[in-house]
Amino acid sequence: MMDLPGPPREIAIVGAGIAGIACALALSRELSPFVPNLNITIYERHDILSTSGGAINLTPVAQRHLAQLGVLDELDRMGSEGGAEVDAIELFSMRSGRSIGSIDFVDHNGNGFGGYKGRRVMRIILSVAMMTVVDRTPNVNIIFGKKVIGGEEISDKAIIHFSDQSEVIADLVIGCDGVHSAVRTRWVDPDSASQYTGMSFLQATIPANTLSTPPHFRSSALNVSRHGSMLTSFCDRDREQIFAAAVVQFDQADLGFHRLEPGQDWATKDRIRRDLRCEMRSRFSKSALPCIREMVETKADWMLYPVYQVRPGGRWCMNRVILLGDAAHAMPPRDESAAYALDDAILFARILARYRSEPLTEVFDAYERLRRETINRAFKESRRMWDRNRDMGFLEGRLKEWMMPFQIRSHRDERESAWEFDATKILLPTPTPSEDLVSLNSFLKEGTT
Ligand SMILES: Cc1cc2nc3c(=O)[nH]c(=O)nc-3n(C[C@H](O)[C@H](O)[C@H](O)COP(=O)(O)OP(=O)(O)OC[C@H]3O[C@@H](n4cnc5c(N)ncnc54)[C@H](O)[C@@H]3O)c2cc1C
């Protein structure tokens with residue numbers, strides 16, 4: 001009897017970020033009806049969920065996909081902490097204090113796209129909501145404190161190596177371990193180290209009641225200047241916390257000197273905090289927006305997050321291992337980045353279910369054909385957007401401000417149609433029967449006639 005490929009039963013996912021957890025939930029839903037004893041295990045290097053990372057903006061697409069995975073209900077159940085609704089990101093000039101447009105998450109009637117608006121939520125809260133859904137999902141387990149350091153493929157299995165010297169054997173490995181992915185750099189594509197973009201986030205959470213100036217924005221604003229942009233957004237429903245994140249040009253040579261790391265002594269931490277406050281003041285203290293001036297004058301503890309990217313065009317898969325999310329295609333972040341990680345997870349799970357009788361290499365090919373071009377386009381667009389945040393001279397800065405309303409308007413249709421995207425609905429390719437299968441089918445047919 002011929003041995004036909006079956007769907008993978010032991011699936012190992014590396015990384016419990018947005019892509020990893022979404023992928024586990026989507027795979028459980030798509031594969032459970034076809035795979036008895038399906039076992040999905042997520043391996044996460046941290047011992048507990050990481051509390052760093054500030055707040056993240058979820059676009060209508062990201063919210064739709066989180067709703068489909070059951071995560072949005074959990075966020076809503078969390079009350080105020082579940083995030084602030086964002087109708088629009090308003091744009092302001094720090095030079096003049098004037099409004100220069102807005103990116104709207106609602107249509108002319110005030111409705112969200114496909115029923116969803118935007119939401120700004122603390123990363124740790126999103127992770128907790130995702131973990132709550134994992135806890136009640138059959139077939140999915142998560143193991144913390146397991147740092148992957150490499151892997152190999154042997155005949156029809158993949159073996160993952162961990163830093164604690166242990167190993168795990170799986171039918172399929174999915175690398176969702178973020179921009180510095182070990183699955184990518186030590187296994188799938190060793191030549192694809194992440195690259196520093198030259199830009200960093202300087203971010204802090206500031207209690208709204210510590211500011212005497214009323215915020216100039218409704219829920220979220222991007223305040224632009226020729227010394228970088230600063231995002232200011234409420235991140236809880238009761239509008240008690242403001243998340244502030246400046247996107248600034250920051251020299252690679254200075255990064256190590258300005259990053260807070262575990263184990264640093266008090267004096268070093270204090271020096272870093274003072275330096276970063278000074279950096280913020282030097283860039284934004286002349287802003288015409290009083291709220292911004294006050295933010296940079298307060299004793300907020302700014303944290304430095306260097307932004308890395310993964311060069312587009314790199315390898316995404318081998319025979320039994322594939323990369324999803326930032327591990328495959330980290331781009332300079334924009335509001336859609338998390339949505340791409342969610343799209344990856346849902347589309348990959350659907351393709352795997354549809355191609356369940358095909359070899360994994362066919363599954364990977366089908367996935368890549370569907371995704372590569374979209375990701376390449378998104379990468380180019382986010383690079384273009386980020387270049388606008390580097391330091392510039394007076395005239396260039398004025399030109400940037402002047403052009404912005406046109407750019408926002410000219411991309412509106414494209415943006416809004418992207419927000420209607422539903423990864424659970426788009427048509428998938430159909431597997432073409434392999435020659436072996438065709439001959440097996442004709443053999444069976446002949447046998448029955
Ligand atoms: C400063 C900043 C701000 C951003 N803001 C936004 C925003 O507002 N909106 C938006 O949509 N996107 C934003 N993004 C982008 C967004 O965060 C990412 O696109 C998204 O988190 C990608 O999810 P992921 O699961 O692929 O990777 P990650 O979220 O990075 O998750 C990777 C996981 O893998 C784990 N891991 C790493 N290495 C290993 C290993 N060797 N072994 C085991 N586990 C490992 C990590 O601990 C982590 O849990 C931002 C990014 C940055 C850097």
# chains A, B, ... in the order shown; residues from 1 in each chain; ligands from 1
>>> select_by_dssp(residues="range 99-203 of chain A", states="strand (DSSP E or B)", output="number ranges by chain")
A: 99-104, 106, 112-113, 116, 118-122, 140-144, 148-154, 157-162, 167-170, 172-175, 195-203
>>> residues_around(residues="Asp177 in chain A", least_positions_apart="4", cutoff="8 Å", atoms="only C-alpha atoms", output="VMD selection string")
chain A and resid 14 to 17 20 181 to 183 326 to 327
>>> atom_distance(atom1="CA of Trp316 in chain A", atom2="CA of Ser382 in chain A")
20.1 Å
>>> residues_around(residues="Ser32 in chain A", least_positions_apart="2", cutoff="12 Å", atoms="only C-alpha atoms", output="list in words")
Pro7, Pro8, Arg9, Ala24, Leu25, Ala26, Leu27, Ser28, Arg29, Glu30, Phe34, Val35, Pro36, Asn37, Leu38, Asn39, Ile40, Thr137, Pro138, Asn139, Val140, Ala349, Arg350, Leu352, Ala353 and Arg356 of chain A
>>> residues_around(residues="Ile426 in chain A", least_positions_apart="3", cutoff="12 Å", atoms="only C-alpha atoms", output="PDB file with C-alpha atoms, in the first residue's frame")
ATOM      1  CA  ASP A 343      -2.911  37.350   8.617  1.00  0.00           C
ATOM      2  CA  ILE A 346      -4.705  32.480   9.811  1.00  0.00           C
ATOM      3  CA  LEU A 347      -3.755  32.020   6.146  1.00  0.00           C
ATOM      4  CA  ARG A 350      -6.154  27.479   6.370  1.00  0.00           C
ATOM      5  CA  ILE A 351      -3.697  26.412   3.673  1.00  0.00           C
ATOM      6  CA  LEU A 370      -0.104  33.833  -1.627  1.00  0.00           C
ATOM      7  CA  GLU A 420     -11.783  45.249   4.867  1.00  0.00           C
ATOM      8  CA  PHE A 421      -9.388  42.299   4.394  1.00  0.00           C
ATOM      9  CA  ASP A 422     -10.557  39.063   6.000  1.00  0.00           C
ATOM     10  CA  ALA A 423      -8.012  36.224   6.034  1.00  0.00           C
ATOM     11  CA  PRO A 429      -5.523  27.942  -4.200  1.00  0.00           C
TER      12      PRO A 429
END
>>> residues_near_ligand(ligand="ligand 1", cutoff="6 Å", atoms="only C-alpha atoms and all ligand atoms", output="PyMOL selection string")
chain A and resi 14-20+43-46+56-58+146-149+176-178+181-182+201+305+307+325-327+333-339+341
>>> write_last_selection(atoms="C-alpha atoms", output="CSV table (one decimal), in the first residue's frame")
chain,number,residue,atom,x,y,z
A,14,VAL,CA,8.6,28.8,18.6
A,15,GLY,CA,7.7,32.1,20.3
A,16,ALA,CA,4.5,33.1,22.2
A,17,GLY,CA,4.1,36.5,20.6
A,18,ILE,CA,1.2,37.6,18.4
A,19,ALA,CA,2.1,35.3,15.5
A,20,GLY,CA,2.9,32.3,17.6
A,43,TYR,CA,8.0,27.1,23.2
A,44,GLU,CA,8.7,30.6,24.6
A,45,ARG,CA,12.1,31.7,25.8
A,46,HIS,CA,10.9,34.0,28.6
A,56,ILE,CA,0.3,48.7,20.4
A,57,ASN,CA,-2.3,50.0,17.9
A,58,LEU,CA,-4.6,47.4,16.4
A,146,LYS,CA,12.5,27.3,26.5
A,147,LYS,CA,15.0,29.2,24.4
A,148,VAL,CA,15.6,27.8,20.9
A,149,ILE,CA,19.2,27.8,19.7
A,176,CYS,CA,7.3,32.8,15.2
A,177,ASP,CA,10.2,34.1,17.3
A,178,GLY,CA,10.3,37.7,16.1
A,181,SER,CA,14.5,34.8,15.2
A,182,ALA,CA,16.9,32.0,16.1
A,201,PHE,CA,11.3,54.4,19.6
A,305,TYR,CA,13.6,50.5,21.6
A,307,VAL,CA,13.9,49.2,15.5
A,325,GLY,CA,5.3,37.0,11.4
A,326,ASP,CA,8.3,39.2,12.2
A,327,ALA,CA,10.6,36.2,12.1
A,333,PRO,CA,6.7,48.9,12.4
A,334,ARG,CA,3.6,50.7,11.4
A,335,ASP,CA,0.1,50.3,12.6
A,336,GLU,CA,-0.4,47.3,10.3
A,337,SER,CA,2.6,45.2,11.4
A,338,ALA,CA,0.7,43.1,14.0
A,339,ALA,CA,-2.1,42.6,11.4
A,341,ALA,CA,1.5,38.6,11.8
>>> closest_residue(among="A:Leu276, A:Arg369, A:Thr132, A:Trp419", to="Phe257 in chain A", atoms="only C-alpha atoms")
A:Leu276
>>> closest_residue(among="A:Ala246, A:Leu427, A:Ile100, A:Met280", to="Met230 in chain A", atoms="only C-alpha atoms")
A:Ala246
>>> atom_distance(atom1="CA of Pro332 in chain A", atom2="CA of Arg383 in chain A")
6.4 Å
>>> closest_residue(among="A:Val188, A:Leu211, A:Ile89, A:Val61", to="Ala328 in chain A", atoms="only C-alpha atoms")
A:Val188
>>> closest_residue(among="A:Cys291, A:Leu49, A:Met385, A:Ala12", to="Leu172 in chain A", atoms="only C-alpha atoms")
A:Ala12
